[in-house]
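The data block below is input.pdb; it holds PDB, C-alpha atoms.
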ATOM      1  CA  MET V 249     162.275 139.558  86.598
ATOM      2  CA  ALA V 250     164.237 142.840  86.506
ATOM      3  CA  LYS V 251     162.197 145.863  87.364
ATOM      4  CA  HIS V 252     161.328 148.336  84.642
ATOM      5  CA  VAL V 253     163.624 151.337  84.566
ATOM      6  CA  VAL V 254     161.878 154.611  83.889
ATOM      7  CA  PRO V 255     163.175 156.242  80.659
ATOM      8  CA  GLU V 256     165.790 158.893  81.317
ATOM      9  CA  ALA V 257     163.566 161.755  80.178
ATOM     10  CA  GLU V 258     160.970 160.774  82.769
ATOM     11  CA  ARG V 259     163.302 160.152  85.709
ATOM     12  CA  ARG V 260     163.647 163.613  87.198
ATOM     13  CA  ARG V 261     161.561 164.058  90.307
ATOM     14  CA  ARG V 262     159.011 166.823  90.081
ATOM     15  CA  ARG V 263     159.949 167.990  93.546
ATOM     16  CA  PRO V 264     163.142 167.779  95.635
ATOM     17  CA  THR V 265     163.699 165.042  98.201
ATOM     18  CA  ARG V 266     163.202 165.714 101.909
ATOM     19  CA  GLN V 267     166.781 166.951 101.915
ATOM     20  CA  GLY V 268     166.085 169.427  99.124
ATOM     21  CA  THR V 269     167.941 167.465  96.450
ATOM     22  CA  VAL V 270     166.720 166.792  92.927
ATOM     23  CA  LEU V 271     167.900 163.248  92.263
ATOM     24  CA  SER V 272     170.019 162.075  89.362
ATOM     25  CA  GLU V 273     172.050 158.957  88.580
ATOM     26  CA  LYS V 274     175.218 160.802  89.572
ATOM     27  CA  ILE V 275     173.872 161.828  92.981
ATOM     28  CA  ILE V 276     172.700 158.283  93.676
ATOM     29  CA  VAL V 277     176.091 156.847  92.701
ATOM     30  CA  GLN V 278     177.944 159.388  94.847
ATOM     31  CA  THR V 279     175.681 158.592  97.788
ATOM     32  CA  ALA V 280     176.230 154.866  97.252
ATOM     33  CA  LEU V 281     179.994 155.421  97.268
ATOM     34  CA  ARG V 282     179.699 157.207 100.602
ATOM     35  CA  MET V 283     177.581 154.404 102.030
ATOM     36  CA  LEU V 284     180.091 151.794 100.889
ATOM     37  CA  ARG V 285     182.894 153.753 102.510
ATOM     38  CA  GLU V 286     180.982 154.024 105.774
ATOM     39  CA  HIS V 287     179.254 150.630 105.952
ATOM     40  CA  GLY V 288     180.972 148.287 103.500
ATOM     41  CA  SER V 289     179.291 146.297 100.746
ATOM     42  CA  THR V 290     176.771 144.664 103.080
ATOM     43  CA  GLY V 291     175.529 148.098 104.097
ATOM     44  CA  LEU V 292     174.419 149.071 100.597
ATOM     45  CA  THR V 293     170.690 148.332 100.463
ATOM     46  CA  ALA V 294     167.800 150.081  98.734
ATOM     47  CA  ARG V 295     166.312 150.969 102.121
ATOM     48  CA  ARG V 296     169.507 152.521 103.465
ATOM     49  CA  LEU V 297     170.145 154.296 100.197
ATOM     50  CA  GLY V 298     166.623 155.744 100.225
ATOM     51  CA  THR V 299     167.131 156.979 103.785
ATOM     52  CA  ALA V 300     170.451 158.591 102.862
ATOM     53  CA  LEU V 301     168.859 160.282  99.854
ATOM     54  CA  GLY V 302     165.772 161.380 101.779
ATOM     55  CA  ALA V 303     163.571 159.467  99.343
ATOM     56  CA  ASP V 304     161.467 156.325  99.246
ATOM     57  CA  PRO V 305     163.616 153.234  98.558
ATOM     58  CA  SER V 306     161.546 152.516  95.454
ATOM     59  CA  THR V 307     162.962 155.709  93.934
ATOM     60  CA  LEU V 308     166.129 153.762  93.151
ATOM     61  CA  TYR V 309     164.230 151.784  90.527
ATOM     62  CA  ARG V 310     163.414 154.926  88.579
ATOM     63  CA  TYR V 311     167.115 155.152  87.765
ATOM     64  CA  PHE V 312     168.484 151.593  87.975
ATOM     65  CA  ALA V 313     167.078 148.134  87.337
ATOM     66  CA  GLY V 314     168.234 147.115  90.799
ATOM     67  CA  LEU V 315     171.246 147.068  93.086
ATOM     68  CA  ASP V 316     173.288 145.077  90.580
ATOM     69  CA  ASP V 317     172.679 147.756  87.965
ATOM     70  CA  LEU V 318     173.742 150.357  90.542
ATOM     71  CA  THR V 319     176.893 148.319  91.201
ATOM     72  CA  ARG V 320     177.772 148.545  87.513
ATOM     73  CA  ALA V 321     177.227 152.305  87.607
ATOM     74  CA  ILE V 322     179.580 152.563  90.587
ATOM     75  CA  GLY V 323     182.242 150.641  88.667
ATOM     76  CA  GLU V 324     181.763 152.950  85.698
ATOM     77  CA  GLU V 325     182.188 155.957  87.978
ATOM     78  CA  LEU V 326     185.547 154.679  89.249
ATOM     79  CA  MET V 327     186.733 154.144  85.676
ATOM     80  CA  GLY V 328     185.485 157.573  84.679
ATOM     81  CA  GLN V 329     187.264 159.254  87.588
ATOM     82  CA  ALA V 330     190.510 157.612  86.461
ATOM     83  CA  LEU V 331     190.122 158.900  82.917
ATOM     84  CA  ASP V 332     189.242 162.383  84.198
ATOM     85  CA  THR V 333     192.610 162.643  85.988
ATOM     86  CA  TRP V 334     194.673 161.337  83.067
ATOM     87  CA  THR V 335     196.368 163.340  80.309
ATOM     88  CA  ALA V 336     197.865 161.852  77.144
ATOM     89  CA  THR V 337     201.441 162.690  76.173
ATOM     90  CA  GLY V 338     201.755 160.816  72.888
ATOM     91  CA  ASP V 339     204.331 158.363  74.266
ATOM     92  CA  TRP V 340     202.524 155.040  74.390
ATOM     93  CA  ARG V 341     204.473 153.583  77.315
ATOM     94  CA  SER V 342     204.139 156.732  79.396
ATOM     95  CA  ASP V 343     200.459 156.983  78.551
ATOM     96  CA  LEU V 344     199.694 153.383  79.519
ATOM     97  CA  ARG V 345     201.767 153.697  82.677
ATOM     98  CA  SER V 346     199.997 156.854  83.826
ATOM     99  CA  LEU V 347     196.555 155.554  82.863
ATOM    100  CA  GLY V 348     197.151 152.294  84.704
ATOM    101  CA  ARG V 349     198.241 154.150  87.804
ATOM    102  CA  ALA V 350     195.205 156.430  87.509
ATOM    103  CA  ILE V 351     192.882 153.408  87.378
ATOM    104  CA  HIS V 352     194.636 151.815  90.357
ATOM    105  CA  ALA V 353     194.476 155.069  92.359
ATOM    106  CA  SER V 354     190.821 155.666  91.515
ATOM    107  CA  TYR V 355     189.803 152.262  92.845
ATOM    108  CA  LEU V 356     191.986 152.561  95.942
ATOM    109  CA  ALA V 357     190.343 155.896  96.756
ATOM    110  CA  HIS V 358     187.124 153.879  97.244
ATOM    111  CA  PRO V 359     188.355 150.502  98.523
ATOM    112  CA  GLN V 360     184.983 149.062  99.529
ATOM    113  CA  ALA V 361     183.551 149.968  96.122
ATOM    114  CA  ALA V 362     186.646 148.568  94.410
ATOM    115  CA  VAL V 363     186.235 145.177  96.073
ATOM    116  CA  LEU V 364     182.606 145.151  94.921
ATOM    117  CA  THR V 365     183.141 146.276  91.328
ATOM    118  CA  ALA V 366     186.667 145.467  90.100
ATOM    119  CA  SER V 367     185.564 142.159  88.576
ATOM    120  CA  ARG V 368     182.504 143.611  86.818
ATOM    121  CA  VAL V 369     182.084 144.621  83.183
ATOM    122  CA  THR V 370     179.680 147.535  83.133
ATOM    123  CA  GLY V 371     179.217 148.174  79.409
ATOM    124  CA  ARG V 372     178.588 151.804  80.337
ATOM    125  CA  PRO V 373     179.913 154.851  78.427
ATOM    126  CA  ARG V 374     182.756 155.904  80.730
ATOM    127  CA  GLU V 375     184.139 152.378  81.012
ATOM    128  CA  ILE V 376     183.878 152.036  77.247
ATOM    129  CA  ALA V 377     185.781 155.332  76.892
ATOM    130  CA  VAL V 378     188.649 153.891  78.959
ATOM    131  CA  ASP V 379     188.748 150.748  76.811
ATOM    132  CA  GLU V 380     188.677 152.820  73.622
ATOM    133  CA  THR V 381     191.536 154.949  74.950
ATOM    134  CA  ILE V 382     193.734 151.960  75.804
ATOM    135  CA  LEU V 383     193.176 150.291  72.441
ATOM    136  CA  GLY V 384     193.786 153.615  70.691
ATOM    137  CA  ILE V 385     197.135 153.998  72.466
ATOM    138  CA  LEU V 386     198.207 150.506  71.455
ATOM    139  CA  ARG V 387     197.034 150.693  67.849
ATOM    140  CA  GLY V 388     198.545 154.167  67.538
ATOM    141  CA  ALA V 389     201.884 152.796  68.750
ATOM    142  CA  GLY V 390     201.859 150.295  65.904
ATOM    143  CA  PHE V 391     200.573 147.099  67.491
ATOM    144  CA  PRO V 392     198.598 145.001  64.998
ATOM    145  CA  ASP V 393     195.032 144.507  66.138
ATOM    146  CA  ALA V 394     195.472 140.966  67.472
ATOM    147  CA  ASP V 395     198.523 142.003  69.499
ATOM    148  CA  ALA V 396     196.814 145.176  70.693
ATOM    149  CA  VAL V 397     193.942 143.103  72.089
ATOM    150  CA  VAL V 398     196.340 140.740  73.903
ATOM    151  CA  VAL V 399     198.213 143.625  75.534
ATOM    152  CA  TYR V 400     194.948 145.429  76.332
ATOM    153  CA  HIS V 401     193.612 142.291  78.014
ATOM    154  CA  ALA V 402     196.739 141.867  80.121
ATOM    155  CA  PHE V 403     196.875 145.570  80.988
ATOM    156  CA  ILE V 404     193.281 146.036  82.130
ATOM    157  CA  ASP V 405     193.110 142.734  84.008
ATOM    158  CA  LEU V 406     196.408 143.477  85.728
ATOM    159  CA  SER V 407     195.240 146.945  86.761
ATOM    160  CA  LEU V 408     191.894 145.732  88.088
ATOM    161  CA  ALA V 409     193.360 142.657  89.787
ATOM    162  CA  PHE V 410     195.791 144.779  91.755
ATOM    163  CA  ALA V 411     193.062 147.315  92.433
ATOM    164  CA  ALA V 412     190.952 144.565  94.011
ATOM    165  CA  LEU V 413     193.899 143.055  95.900
ATOM    166  CA  ASP V 414     195.164 146.332  97.309
ATOM    167  CA  ALA V 415     191.670 147.645  97.997
ATOM    168  CA  GLY V 416     190.939 144.462  99.944
ATOM    169  CA  SER V 417     193.708 145.379 102.358
ATOM    170  CA  LEU V 418     192.529 148.978 102.650
ATOM    171  CA  ALA V 419     188.979 147.797 103.298
ATOM    172  CA  LEU V 420     190.111 145.974 106.449
ATOM    173  CA  THR V 421     189.850 147.651 109.821
ATOM    174  CA  ASP V 422     192.962 149.574 110.824
ATOM    175  CA  GLU V 423     193.664 146.982 113.499
ATOM    176  CA  ALA V 424     193.390 144.014 111.120
ATOM    177  CA  ARG V 425     195.561 145.668 108.475
ATOM    178  CA  ALA V 426     198.217 146.612 111.043
ATOM    179  CA  ALA V 427     198.248 143.033 112.365
ATOM    180  CA  ASP V 428     198.763 141.659 108.847
ATOM    181  CA  GLU V 429     201.597 144.073 108.121
ATOM    182  CA  GLU V 430     203.258 143.399 111.475
ATOM    183  CA  MET V 431     203.413 139.686 110.608
ATOM    184  CA  TRP V 432     206.454 140.318 108.419
ATOM    185  CA  ASP V 433     208.380 141.580 111.456
ATOM    186  CA  SER V 434     206.837 139.493 114.214
ATOM    187  CA  THR V 435     206.756 136.122 112.433
ATOM    188  CA  TYR V 436     208.734 135.999 109.207
ATOM    189  CA  ALA V 437     211.725 137.888 110.590
ATOM    190  CA  GLU V 438     211.944 135.446 113.492
ATOM    191  CA  LEU V 439     212.091 132.259 111.403
ATOM    192  CA  SER V 440     215.282 130.261 111.836
ATOM    193  CA  ALA V 441     217.857 130.066 109.096
ATOM    194  CA  ASP V 442     218.133 126.375 109.890
ATOM    195  CA  THR V 443     214.541 125.649 108.886
ATOM    196  CA  HIS V 444     213.785 128.533 106.486
ATOM    197  CA  PRO V 445     217.127 129.725 105.097
ATOM    198  CA  HIS V 446     215.713 131.713 102.172
ATOM    199  CA  ILE V 447     213.124 133.588 104.216
ATOM    200  CA  ALA V 448     215.665 134.241 106.952
ATOM    201  CA  ALA V 449     218.137 135.668 104.448
ATOM    202  CA  THR V 450     215.579 138.062 102.966
ATOM    203  CA  ALA V 451     213.317 138.737 105.971
ATOM    204  CA  ARG V 452     214.222 142.399 106.423
ATOM    205  CA  LEU V 453     213.882 143.056 102.727
ATOM    206  CA  LEU V 454     210.507 141.332 102.749
ATOM    207  CA  ALA V 455     209.352 143.449 105.683
ATOM    208  CA  GLY V 456     210.301 146.571 103.777
ATOM    209  CA  ARG V 457     208.506 145.604 100.570
ATOM    210  CA  MET V 458     205.512 143.451 101.362
ATOM    211  CA  THR V 459     203.416 146.244 102.810
ATOM    212  CA  GLN V 460     203.665 148.106  99.498
ATOM    213  CA  SER V 461     201.742 147.400  96.318
ATOM    214  CA  ALA V 462     203.628 145.423  93.681
ATOM    215  CA  TYR V 463     201.482 146.999  90.958
ATOM    216  CA  PRO V 464     204.058 149.550  89.710
ATOM    217  CA  VAL V 465     206.712 146.822  89.368
ATOM    218  CA  VAL V 466     204.434 144.352  87.594
ATOM    219  CA  LEU V 467     203.009 147.097  85.370
ATOM    220  CA  GLU V 468     206.536 148.023  84.302
ATOM    221  CA  THR V 469     207.249 144.364  83.551
ATOM    222  CA  LEU V 470     204.188 144.239  81.297
ATOM    223  CA  LEU V 471     205.192 147.451  79.507
ATOM    224  CA  ASN V 472     208.738 146.154  78.976
ATOM    225  CA  SER V 473     207.353 142.932  77.536
ATOM    226  CA  ALA V 474     204.987 144.845  75.242
ATOM    227  CA  ALA V 475     207.833 147.101  74.079
ATOM    228  CA  GLY V 476     209.935 144.058  73.215
ATOM    229  CA  GLN V 477     207.001 142.595  71.328
ATOM    230  CA  LEU V 478     206.575 145.810  69.344
ATOM    231  CA  THR V 479     210.270 145.852  68.474
ATOM    232  CA  ARG V 480     210.022 142.305  67.129
ATOM    233  CA  ILE V 481     206.975 143.259  65.074
ATOM    234  CA  ARG V 482     208.888 146.162  63.530
ATOM    235  CA  ASP V 483     211.967 144.050  62.897
ATOM    236  CA  GLN V 484     209.802 141.539  61.061
ATOM    237  CA  GLY V 485     208.695 144.331  58.747
ATOM    238  CA  ASN V 486     205.081 144.689  59.837
ATOM    239  CA  PRO V 487     203.822 147.322  57.360
ATOM    240  CA  ARG V 488     201.600 148.998  59.922
ATOM    241  CA  ALA V 489     204.277 149.346  62.578
ATOM    242  CA  ALA V 490     207.342 150.051  60.433
ATOM    243  CA  ASP V 491     206.979 153.805  60.294
ATOM    244  CA  GLU V 492     205.884 154.344  63.904
ATOM    245  CA  PRO V 493     208.293 156.150  66.257
ATOM    246  CA  ARG V 494     209.977 153.951  68.880
ATOM    247  CA  HIS V 495     209.124 155.275  72.347
TER     248      HIS V 495
END
Any chance you could give the structure as structure tokens?
Amino acid sequence: MAKHVVPEAERRRRRPTRQGTVLSEKIIVQTALRMLREHGSTGLTARRLGTALGADPSTLYRYFAGLDDLTRAIGEELMGQALDTWTATGDWRSDLRSLGRAIHASYLAHPQAAVLTASRVTGRPREIAVDETILGILRGAGFPDADAVVVYHAFIDLSLAFAALDAGSLALTDEARAADEEMWDSTYAELSADTHPHIAATARLLAGRMTQSAYPVVLETLLNSAAGQLTRIRDQGNPRAADEPRH
């Protein structure tokens, strides 16, 4: 059974921790992010978190129902940080592009946390604000609701999938990541054209690209597809999209 979470109004400690800090959800999440960066996902335990906070491990349960609830809060924080760095321009393609890149960058800034949280749905306010923003961009551009939901689904899953994929590489040790990247030069580039003609023909190009994220390219492909879809909707005389500017 999940542990009872103390109501928000009753959570504040009456005295600071041993480190002189008055705890809050935000401080706990920030501390958890630091622990994930230093120790990885297996290093995030209530006991370690309590030690880092200078508080009894049970203090965690005054703020969160457990470590899974804390994990959701960490995911919400990464989404919120992305939204905090983003500014709308009014051009739907530019706005989705920059928001997608902000989400991707926010998760990659905390790769261990990204691996842990990219697949989670938090249902928390800052994540909801991101979802509301994306749907608002799409509906404001003239996408009918059903189409807006399809593009939203593709956009957010694409952004989080690449966040998890790219963060997984960053979460490796430097030695392991370097060994993986070197494989394109040490193995693929040495394959014979007799046995692997297509790899041999493109090996140097592969070595130059495969250590970079494909997210910007695939994001642009999605935006191009969505733009074509919106054009078709307008050409078919959709009353909601007909008067919208074409960005």
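Near segment 328-344 of chain V, within 7 Å and counting all atoms listed in the file, sit Glu324, Gly348, Ala350, Ile351, Ser354, Arg374, Glu375, Val378, Ile385, Leu386, Ala389, Leu471 and His495 of chain V; same-chain residues fewer than 4 positions away were not included.
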- Using all atoms listed in the file, determine which residues lie at most 12 Å from Thr435 of chain V, disregarding the query and same-chain residues fewer than 5 positions distant; provide the list as a ChimeraX atom specification. /V:427-430,440,444,447-448,451-452,454-455
- Query: Hey, what's within 12 Å of Leu413 of chain V if we count all atoms listed in the file and toss same-chain stuff fewer than 2 positions away? As number ranges by chain, please?
  - Reply: V: 352, 355-356, 359-360, 362-364, 366-367, 405-411, 415-420, 460-463
- Query: When the PyMOL selection byres ((chain V and resi 288-292) around 12) is applied to the file above, which residues end up in the set, as a ChimeraX atom specification?
  - Reply: /V:276-277,279-287,293-300,305,314-316,318-319,322,358-365,416,418-421
Limited to C-alpha atoms, could you put the picked residues into a file as a PDB file, keeping the file's coordinate frame?
ATOM      1  CA  ILE V 276     172.700 158.283  93.676  1.00  0.00           C
ATOM      2  CA  VAL V 277     176.091 156.847  92.701  1.00  0.00           C
ATOM      3  CA  THR V 279     175.681 158.592  97.788  1.00  0.00           C
ATOM      4  CA  ALA V 280     176.230 154.866  97.252  1.00  0.00           C
ATOM      5  CA  LEU V 281     179.994 155.421  97.268  1.00  0.00           C
ATOM      6  CA  ARG V 282     179.699 157.207 100.602  1.00  0.00           C
ATOM      7  CA  MET V 283     177.581 154.404 102.030  1.00  0.00           C
ATOM      8  CA  LEU V 284     180.091 151.794 100.889  1.00  0.00           C
ATOM      9  CA  ARG V 285     182.894 153.753 102.510  1.00  0.00           C
ATOM     10  CA  GLU V 286     180.982 154.024 105.774  1.00  0.00           C
ATOM     11  CA  HIS V 287     179.254 150.630 105.952  1.00  0.00           C
ATOM     12  CA  THR V 293     170.690 148.332 100.463  1.00  0.00           C
ATOM     13  CA  ALA V 294     167.800 150.081  98.734  1.00  0.00           C
ATOM     14  CA  ARG V 295     166.312 150.969 102.121  1.00  0.00           C
ATOM     15  CA  ARG V 296     169.507 152.521 103.465  1.00  0.00           C
ATOM     16  CA  LEU V 297     170.145 154.296 100.197  1.00  0.00           C
ATOM     17  CA  GLY V 298     166.623 155.744 100.225  1.00  0.00           C
ATOM     18  CA  THR V 299     167.131 156.979 103.785  1.00  0.00           C
ATOM     19  CA  ALA V 300     170.451 158.591 102.862  1.00  0.00           C
ATOM     20  CA  PRO V 305     163.616 153.234  98.558  1.00  0.00           C
ATOM     21  CA  GLY V 314     168.234 147.115  90.799  1.00  0.00           C
ATOM     22  CA  LEU V 315     171.246 147.068  93.086  1.00  0.00           C
ATOM     23  CA  ASP V 316     173.288 145.077  90.580  1.00  0.00           C
ATOM     24  CA  LEU V 318     173.742 150.357  90.542  1.00  0.00           C
ATOM     25  CA  THR V 319     176.893 148.319  91.201  1.00  0.00           C
ATOM     26  CA  ILE V 322     179.580 152.563  90.587  1.00  0.00           C
ATOM     27  CA  HIS V 358     187.124 153.879  97.244  1.00  0.00           C
ATOM     28  CA  PRO V 359     188.355 150.502  98.523  1.00  0.00           C
ATOM     29  CA  GLN V 360     184.983 149.062  99.529  1.00  0.00           C
ATOM     30  CA  ALA V 361     183.551 149.968  96.122  1.00  0.00           C
ATOM     31  CA  ALA V 362     186.646 148.568  94.410  1.00  0.00           C
ATOM     32  CA  VAL V 363     186.235 145.177  96.073  1.00  0.00           C
ATOM     33  CA  LEU V 364     182.606 145.151  94.921  1.00  0.00           C
ATOM     34  CA  THR V 365     183.141 146.276  91.328  1.00  0.00           C
ATOM     35  CA  GLY V 416     190.939 144.462  99.944  1.00  0.00           C
ATOM     36  CA  LEU V 418     192.529 148.978 102.650  1.00  0.00           C
ATOM     37  CA  ALA V 419     188.979 147.797 103.298  1.00  0.00           C
ATOM     38  CA  LEU V 420     190.111 145.974 106.449  1.00  0.00           C
ATOM     39  CA  THR V 421     189.850 147.651 109.821  1.00  0.00           C
TER      40      THR V 421
END
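Atom CA of Ile404 of chain V to atom CA of Ser346 of chain V spans 12.8 Å [interatomic distance, one decimal].
Put simply, atom CA of Ala441 of chain V is 20.0 Å away from atom CA of Arg457 of chain V.
For the residues V:Ser434, V:Thr370, V:Thr381, V:Thr469, ranking by smallest atom-to-atom distance to Asp317 of chain V using only C-alpha atoms places V:Thr370 first.
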